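What follows is the content of model-v6.cif (mmCIF, C-alpha atoms).
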data_start
loop_
_atom_site.label_atom_id
_atom_site.label_comp_id
_atom_site.auth_asym_id
_atom_site.auth_seq_id
_atom_site.Cartn_x
_atom_site.Cartn_y
_atom_site.Cartn_z
CA MET O 1 -43.86 216.80 -67.04
CA PRO O 2 -47.52 215.75 -67.30
CA TRP O 3 -48.59 213.74 -70.31
CA PRO O 4 -50.58 215.73 -72.87
CA VAL O 5 -54.26 214.77 -73.04
CA PRO O 6 -55.41 214.42 -76.70
CA PHE O 7 -59.01 215.22 -75.75
CA PRO O 8 -60.63 216.68 -72.65
CA LEU O 9 -61.96 214.01 -70.25
CA ARG O 10 -65.40 214.83 -68.97
CA VAL O 11 -67.38 213.35 -66.11
CA TRP O 12 -69.89 211.95 -68.58
CA ASP O 13 -67.07 210.08 -70.33
CA LEU O 14 -66.35 208.25 -67.08
CA VAL O 15 -70.05 207.49 -66.69
CA ASP O 16 -70.12 206.19 -70.26
CA ILE O 17 -67.16 203.88 -69.60
CA LEU O 18 -68.75 202.66 -66.36
CA VAL O 19 -72.08 201.84 -68.04
CA VAL O 20 -70.39 199.94 -70.86
CA THR O 21 -68.27 198.03 -68.34
CA ILE O 22 -71.38 197.00 -66.38
CA ILE O 23 -73.13 195.86 -69.56
CA VAL O 24 -70.15 193.77 -70.67
CA TYR O 25 -69.85 192.30 -67.18
CA GLN O 26 -73.53 191.35 -67.10
CA VAL O 27 -73.27 189.67 -70.50
CA LEU O 28 -70.28 187.65 -69.32
CA MET O 29 -72.12 186.63 -66.15
CA LEU O 30 -75.16 185.56 -68.17
CA ILE O 31 -73.21 183.28 -70.50
CA ARG O 32 -70.90 181.96 -67.79
CA GLY O 33 -71.88 178.47 -66.77
CA THR O 34 -73.77 177.82 -70.03
CA ARG O 35 -72.91 176.31 -73.39
CA ALA O 36 -72.61 179.83 -74.80
CA VAL O 37 -69.04 179.99 -73.44
CA GLN O 38 -67.91 177.42 -75.99
CA LEU O 39 -69.70 179.33 -78.76
CA VAL O 40 -67.90 182.53 -77.80
CA SER O 41 -64.59 180.63 -77.81
CA GLY O 42 -65.33 179.37 -81.30
CA LEU O 43 -66.08 182.89 -82.53
CA ALA O 44 -62.82 184.11 -80.97
CA VAL O 45 -60.92 181.41 -82.86
CA LEU O 46 -62.54 182.45 -86.16
CA PHE O 47 -61.66 186.09 -85.50
CA GLY O 48 -58.06 185.12 -84.73
CA VAL O 49 -57.83 183.13 -87.96
CA TYR O 50 -59.20 186.13 -89.87
CA VAL O 51 -56.58 188.44 -88.37
CA VAL O 52 -53.79 185.99 -89.20
CA SER O 53 -55.08 185.60 -92.77
CA ARG O 54 -54.95 189.38 -93.28
CA TRP O 55 -51.45 189.56 -91.83
CA LEU O 56 -50.14 186.72 -94.01
CA GLY O 57 -52.02 187.80 -97.10
CA LEU O 58 -54.16 184.66 -97.42
CA TYR O 59 -56.74 186.26 -99.67
CA THR O 60 -58.90 183.18 -100.32
CA LEU O 61 -59.24 182.40 -96.62
CA GLN O 62 -59.83 186.06 -95.88
CA TRP O 63 -62.58 186.21 -98.50
CA LEU O 64 -64.25 183.09 -97.09
CA LEU O 65 -64.15 184.34 -93.49
CA GLY O 66 -65.44 187.71 -94.64
CA TYR O 67 -68.61 186.08 -95.95
CA VAL O 68 -68.93 184.06 -92.76
CA GLY O 69 -68.85 187.34 -90.83
CA LEU O 70 -71.97 188.50 -92.66
CA VAL O 71 -74.12 185.79 -91.09
CA VAL O 72 -72.53 185.94 -87.63
CA PRO O 73 -74.93 188.62 -86.24
CA ILE O 74 -77.97 186.54 -87.25
CA ALA O 75 -76.36 183.38 -85.88
CA LEU O 76 -75.68 185.12 -82.56
CA LEU O 77 -79.35 186.03 -82.16
CA ILE O 78 -80.31 182.39 -82.69
CA LEU O 79 -77.55 180.80 -80.60
CA PHE O 80 -77.80 183.21 -77.68
CA GLN O 81 -81.59 183.34 -77.56
CA PRO O 82 -81.85 181.82 -74.03
CA GLU O 83 -79.17 184.14 -72.65
CA LEU O 84 -80.71 187.23 -74.26
CA ARG O 85 -84.14 186.28 -72.97
CA ARG O 86 -82.74 185.80 -69.46
CA MET O 87 -81.04 189.21 -69.60
CA LEU O 88 -84.23 190.97 -70.74
CA GLU O 89 -86.27 189.21 -68.06
CA GLN O 90 -83.75 190.28 -65.43
CA LEU O 91 -83.91 193.87 -66.63
CA GLY O 92 -87.70 193.70 -66.65
CA ARG O 93 -87.69 192.68 -62.99
CA GLY O 94 -86.00 195.96 -62.22
CA GLY O 95 -82.43 195.11 -61.49
CA VAL O 96 -79.26 193.30 -62.39
CA SER O 97 -77.07 190.99 -60.40
CA LEU O 98 -73.48 191.92 -59.73
CA VAL O 99 -72.61 188.57 -58.20
CA GLY O 100 -71.32 185.89 -60.54
CA LEU O 101 -71.09 182.17 -60.20
CA SER O 102 -68.45 180.87 -57.82
CA PRO O 103 -65.81 178.54 -59.26
CA HIS O 104 -66.68 174.90 -58.67
CA GLY O 105 -63.50 173.06 -59.56
CA LEU O 106 -62.71 170.17 -57.23
CA ASP O 107 -59.38 168.79 -56.15
CA ARG O 108 -58.68 165.08 -56.32
CA GLU O 109 -59.71 164.34 -52.74
CA ALA O 110 -63.02 166.20 -53.02
CA ALA O 111 -63.74 164.46 -56.34
CA ILE O 112 -63.17 161.05 -54.75
CA ARG O 113 -65.58 161.89 -51.92
CA LEU O 114 -68.18 163.01 -54.45
CA ILE O 115 -67.77 159.85 -56.52
CA ASN O 116 -68.04 157.65 -53.43
CA ASP O 117 -71.31 159.31 -52.45
CA VAL O 118 -72.79 159.04 -55.95
CA THR O 119 -71.81 155.40 -56.44
CA ARG O 120 -73.01 154.31 -52.99
CA ALA O 121 -76.33 156.06 -53.53
CA ALA O 122 -76.64 154.40 -56.94
CA ARG O 123 -76.09 150.98 -55.36
CA VAL O 124 -78.74 151.55 -52.69
CA LEU O 125 -81.25 152.87 -55.23
CA ALA O 126 -80.54 149.99 -57.60
CA SER O 127 -81.03 147.41 -54.85
CA ARG O 128 -84.50 148.86 -54.20
CA LYS O 129 -85.29 149.41 -57.91
CA ILE O 130 -85.76 153.14 -57.46
CA GLY O 131 -85.19 155.07 -60.69
CA ALA O 132 -82.64 157.87 -60.64
CA LEU O 133 -80.81 160.17 -63.04
CA VAL O 134 -77.76 162.07 -61.76
CA VAL O 135 -75.91 164.41 -64.14
CA LEU O 136 -72.39 165.57 -63.25
CA GLU O 137 -71.47 168.92 -64.77
CA ARG O 138 -67.96 169.20 -66.24
CA GLN O 139 -66.47 171.92 -68.47
CA VAL O 140 -69.64 172.81 -70.39
CA GLY O 141 -72.03 174.65 -68.11
CA LEU O 142 -75.57 173.38 -67.54
CA GLN O 143 -77.13 176.57 -66.25
CA ASP O 144 -79.92 176.45 -68.85
CA VAL O 145 -80.80 172.94 -67.66
CA ILE O 146 -80.57 173.92 -63.99
CA ASP O 147 -83.09 176.71 -64.60
CA THR O 148 -85.72 174.12 -65.61
CA GLY O 149 -85.67 172.43 -62.19
CA ILE O 150 -85.96 173.26 -58.50
CA ARG O 151 -82.97 174.87 -56.83
CA VAL O 152 -81.43 172.81 -54.05
CA ASP O 153 -77.86 174.10 -53.47
CA ALA O 154 -76.84 171.47 -50.94
CA VAL O 155 -73.71 169.40 -50.43
CA VAL O 156 -73.92 165.97 -52.08
CA THR O 157 -74.45 163.17 -49.59
CA VAL O 158 -75.69 159.61 -49.96
CA GLN O 159 -78.73 160.29 -47.81
CA LEU O 160 -79.68 163.40 -49.79
CA LEU O 161 -79.51 161.59 -53.15
CA ILE O 162 -81.61 158.70 -51.86
CA ASN O 163 -84.16 161.04 -50.33
CA ILE O 164 -84.56 163.08 -53.52
CA PHE O 165 -85.29 160.05 -55.71
CA TYR O 166 -87.56 158.28 -53.23
CA PRO O 167 -90.90 157.59 -55.01
CA ASN O 168 -93.78 160.04 -54.66
CA THR O 169 -91.59 162.82 -53.31
CA PRO O 170 -91.82 166.23 -55.05
CA LEU O 171 -88.35 166.04 -56.64
CA HIS O 172 -88.07 162.36 -57.55
CA ASP O 173 -89.15 162.86 -61.18
CA GLY O 174 -86.55 164.42 -63.45
CA ALA O 175 -82.78 164.78 -63.42
CA LEU O 176 -80.52 165.89 -60.59
CA ILE O 177 -77.67 168.21 -61.57
CA VAL O 178 -74.43 168.12 -59.59
CA ARG O 179 -72.16 171.16 -59.89
CA GLY O 180 -68.88 170.68 -58.11
CA ASN O 181 -69.72 168.86 -54.88
CA ARG O 182 -73.18 170.39 -54.52
CA VAL O 183 -76.62 169.46 -55.80
CA ALA O 184 -77.49 172.49 -57.91
CA ALA O 185 -81.05 171.51 -58.78
CA ALA O 186 -83.42 168.55 -58.97
CA GLY O 187 -86.42 167.74 -61.12
CA CYS O 188 -84.67 169.16 -64.18
CA LEU O 189 -85.78 168.53 -67.76
CA LEU O 190 -83.21 167.12 -70.17
CA PRO O 191 -83.29 166.89 -73.97
CA LEU O 192 -84.15 163.38 -75.17
CA SER O 193 -81.88 161.66 -77.64
CA GLU O 194 -83.42 161.40 -81.12
CA ARG O 195 -80.81 158.97 -82.38
CA PRO O 196 -82.44 156.05 -84.22
CA GLY O 197 -81.63 152.46 -83.42
CA LEU O 198 -81.40 152.73 -79.64
CA ALA O 199 -81.35 149.44 -77.79
CA ARG O 200 -84.55 148.03 -76.40
CA GLY O 201 -85.21 148.64 -72.77
CA MET O 202 -83.97 152.22 -72.86
CA GLY O 203 -86.65 154.29 -71.24
CA THR O 204 -86.99 158.02 -70.81
CA ARG O 205 -84.16 158.24 -68.26
CA HIS O 206 -81.66 156.56 -70.57
CA ARG O 207 -82.74 158.68 -73.54
CA ALA O 208 -82.42 161.82 -71.44
CA ALA O 209 -78.96 160.76 -70.27
CA LEU O 210 -77.89 160.17 -73.87
CA GLY O 211 -79.42 163.49 -74.94
CA ILE O 212 -77.52 165.61 -72.39
CA THR O 213 -74.24 163.79 -73.06
CA GLU O 214 -74.65 164.27 -76.81
CA ASP O 215 -75.04 168.03 -76.40
CA THR O 216 -72.46 168.57 -73.61
CA ASP O 217 -69.48 166.88 -71.98
CA ALA O 218 -71.53 166.01 -68.88
CA VAL O 219 -71.63 162.51 -67.40
CA ALA O 220 -74.92 160.90 -66.41
CA VAL O 221 -75.52 158.06 -63.95
CA VAL O 222 -78.80 156.21 -64.52
CA VAL O 223 -80.54 153.71 -62.26
CA SER O 224 -83.28 151.73 -63.99
CA GLU O 225 -86.58 151.51 -62.19
CA GLU O 226 -87.61 148.34 -64.02
CA THR O 227 -84.44 146.23 -63.76
CA GLY O 228 -82.42 147.99 -61.04
CA THR O 229 -79.33 148.15 -63.26
CA ILE O 230 -76.81 150.98 -63.11
CA SER O 231 -75.69 152.71 -66.33
CA LEU O 232 -73.17 155.41 -67.17
CA ALA O 233 -73.69 157.74 -70.15
CA GLN O 234 -70.86 159.77 -71.66
CA GLU O 235 -70.37 161.37 -75.08
CA GLY O 236 -73.60 159.93 -76.40
CA ARG O 237 -72.72 156.35 -75.39
CA VAL O 238 -74.05 154.32 -72.49
CA ARG O 239 -72.52 151.49 -70.48
CA ARG O 240 -75.15 149.33 -68.81
CA GLY O 241 -75.10 146.77 -66.05
CA LEU O 242 -72.31 148.33 -64.00
CA SER O 243 -71.54 147.38 -60.43
CA GLU O 244 -70.70 149.93 -57.76
CA GLU O 245 -66.96 149.32 -58.14
CA GLU O 246 -67.09 149.52 -61.95
CA LEU O 247 -69.03 152.77 -61.80
CA LYS O 248 -66.56 154.16 -59.27
CA VAL O 249 -63.56 153.29 -61.45
CA ALA O 250 -65.17 154.85 -64.53
CA LEU O 251 -65.93 158.10 -62.70
CA LEU O 252 -62.48 158.23 -61.11
CA ALA O 253 -60.96 157.93 -64.57
CA LEU O 254 -62.84 161.08 -65.56
CA ALA O 255 -61.86 162.94 -62.39
CA GLY O 256 -58.10 162.57 -62.89
CA PRO O 257 -55.82 164.40 -65.34
CA ALA O 258 -55.22 161.20 -67.27
CA PRO O 259 -57.41 158.15 -67.91
CA MET O 260 -56.88 155.31 -65.47
CA ARG O 261 -57.62 151.65 -66.09
CA PRO O 262 -59.19 149.47 -63.41
CA GLY O 263 -56.08 147.30 -63.19
CA VAL O 264 -53.76 150.26 -62.66
CA PHE O 265 -55.56 152.47 -60.15
CA HIS O 266 -56.47 150.84 -56.88
CA VAL O 267 -59.87 151.89 -55.61
CA PRO O 268 -60.14 151.56 -51.84
CA ARG O 269 -63.15 149.66 -50.66
CA VAL O 270 -65.73 151.72 -48.87
CA PRO O 271 -67.84 150.02 -46.22
CA PRO O 272 -71.39 149.52 -47.49
CA LEU O 273 -73.99 152.02 -46.46
CA ARG O 274 -76.60 150.43 -44.27
CA VAL O 275 -80.05 151.77 -44.91
CA PRO O 276 -82.43 149.49 -43.00
CA ALA O 277 -85.58 151.15 -44.25
CA PHE O 278 -86.93 154.46 -45.43
CA TRP O 279 -88.60 156.36 -42.64
CA PRO O 280 -88.92 153.36 -40.28
CA TRP O 281 -91.29 155.24 -38.01
CA ARG O 282 -94.00 154.75 -40.62
CA LYS O 283 -94.11 151.07 -39.70
CA GLU O 284 -94.99 151.99 -36.15
CA ALA O 285 -97.89 154.17 -37.26
#
Before we go any further, please render this structure as structure tokens.
Amino acid sequence: MPWPVPFPLRVWDLVDILVVTIIVYQVLMLIRGTRAVQLVSGLAVLFGVYVVSRWLGLYTLQWLLGYVGLVVPIALLILFQPELRRMLEQLGRGGVSLVGLSPHGLDREAAIRLINDVTRAARVLASRKIGALVVLERQVGLQDVIDTGIRVDAVVTVQLLINIFYPNTPLHDGALIVRGNRVAAAGCLLPLSERPGLARGMGTRHRAALGITEDTDAVAVVVSEETGTISLAQEGRVRRGLSEEELKVALLALAGPAPMRPGVFHVPRVPPLRVPAFWPWRKEA
């Protein structure tokens, strides 16, 4: 016996559902990989608390959340301004993209290879006093930061990192963003930390590293151009004067499911990378 249909289903109803589905999908693709994901999660938590308060009869909490809901539409326009602007620009160009970002989670072995490449490149750059700023994306997406730079989309290697930060090259100035095991973009602009009382000797690179780690859960590796020291910024704090092994241990602790101390986890020694000179054929010219 066929199920009774409460209302007649027209072709235009299917078109309506399809259009709404595409719009919702495009909105999700626009906020995916950006900090807006955490904002949406926070709004979902508030909505869940509101539903529970109505079910349990918590009238005071329900009244408070009801007033919060009045300002949510205005707050969404302010918080999602970059995403809304990107969506309107995409529509203005005459099309939408149906391809989302690919997942970039790494297993333990791939994370170790990435960390080895980053730390070895940092050592080589520090030995030559070449400034560098490498930002490793974690849970909070950095798509809005990536859009400020030049797209690279290449697998992270020691040679690539050294080549990008070599002085007077087009991409040496700015931050390099690593997503997964790939260089997403270079020459990116980062927000500078406005926190008062920063230590002396912290230049623009260190302030930018602190700024991005204050706003997100990213990790930034900084090589000073003046002193050749290696620093690691995380959660708005910076550790300076690290060696290659100390930097490797700190990054490996972040790559695993649980923090690891240097005395507990054994880090295998990697043979040093020999870089005799940059572009040696220039000496022959």
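Among the candidates O:Ile78, O:Val178, O:Leu142, O:Ile162, the residue lying nearest to O:Asp217 is O:Leu142 (atoms considered: all atoms listed in the file).
For the file at hand, the PyMOL selection byres ((chain O and resi 171) around 12) resolves to Ala132, Leu133, Gly149, Ile150, Arg151, Val152, Leu160, Leu161, Ile162, Asn163, Ile164, Phe165, Tyr166, Pro167, Asn168, Thr169, Pro170, His172, Asp173, Gly174, Ala175, Leu176, Ile177, Ala185, Ala186, Gly187, Cys188 and Leu189 of chain O.
Taking atom CA of O:Glu214 as the reference point, atom CA of O:Gly141 is found at 13.8 Å.
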Notebook entry, point to check: So what does the PyMOL selection byres ((chain O and resi 110) around 12) actually pick up in this one, as an MDAnalysis selection string?
Noted result: chainID O and resid 104:109 111:117 155:156 180:182 252 255:256
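Atom pair atom CA of O:Val27 / atom CA of O:Ala44: separated by 15.8 Å.
Considering the residues O:Val52, O:Val24, O:Val238, O:Ile212 and counting all atoms listed in the file, O:Val140 has its shortest atom-to-atom contact with O:Ile212.
Atom CA of O:Leu65 to atom CA of O:Gly48 spans 10.7 Å [interatomic distance, one decimal].
For the set O:Leu39, O:Arg54, O:Tyr59, O:Gln234, the residue with the smallest atom-to-atom gap to O:Val72 is O:Leu39, counting all atoms listed in the file.
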Note to self: When you count only C-alpha atoms, which of these residues is closest to O:Arg179: O:Tyr25, O:Val11, O:Met202, O:Val219?
What the structure shows: O:Val219
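Each of O:Ser231, O:Ser243, O:Thr216, O:Gln26 was checked against O:Val134 using all atoms listed in the file; the smallest atom-to-atom distance is that of O:Ser231.
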Next item on the list: Could you tell me which of O:Val135, O:Val158, O:Leu192, O:Leu254 comes closest to O:Ala220 if we count only C-alpha atoms?
Entry: O:Val135
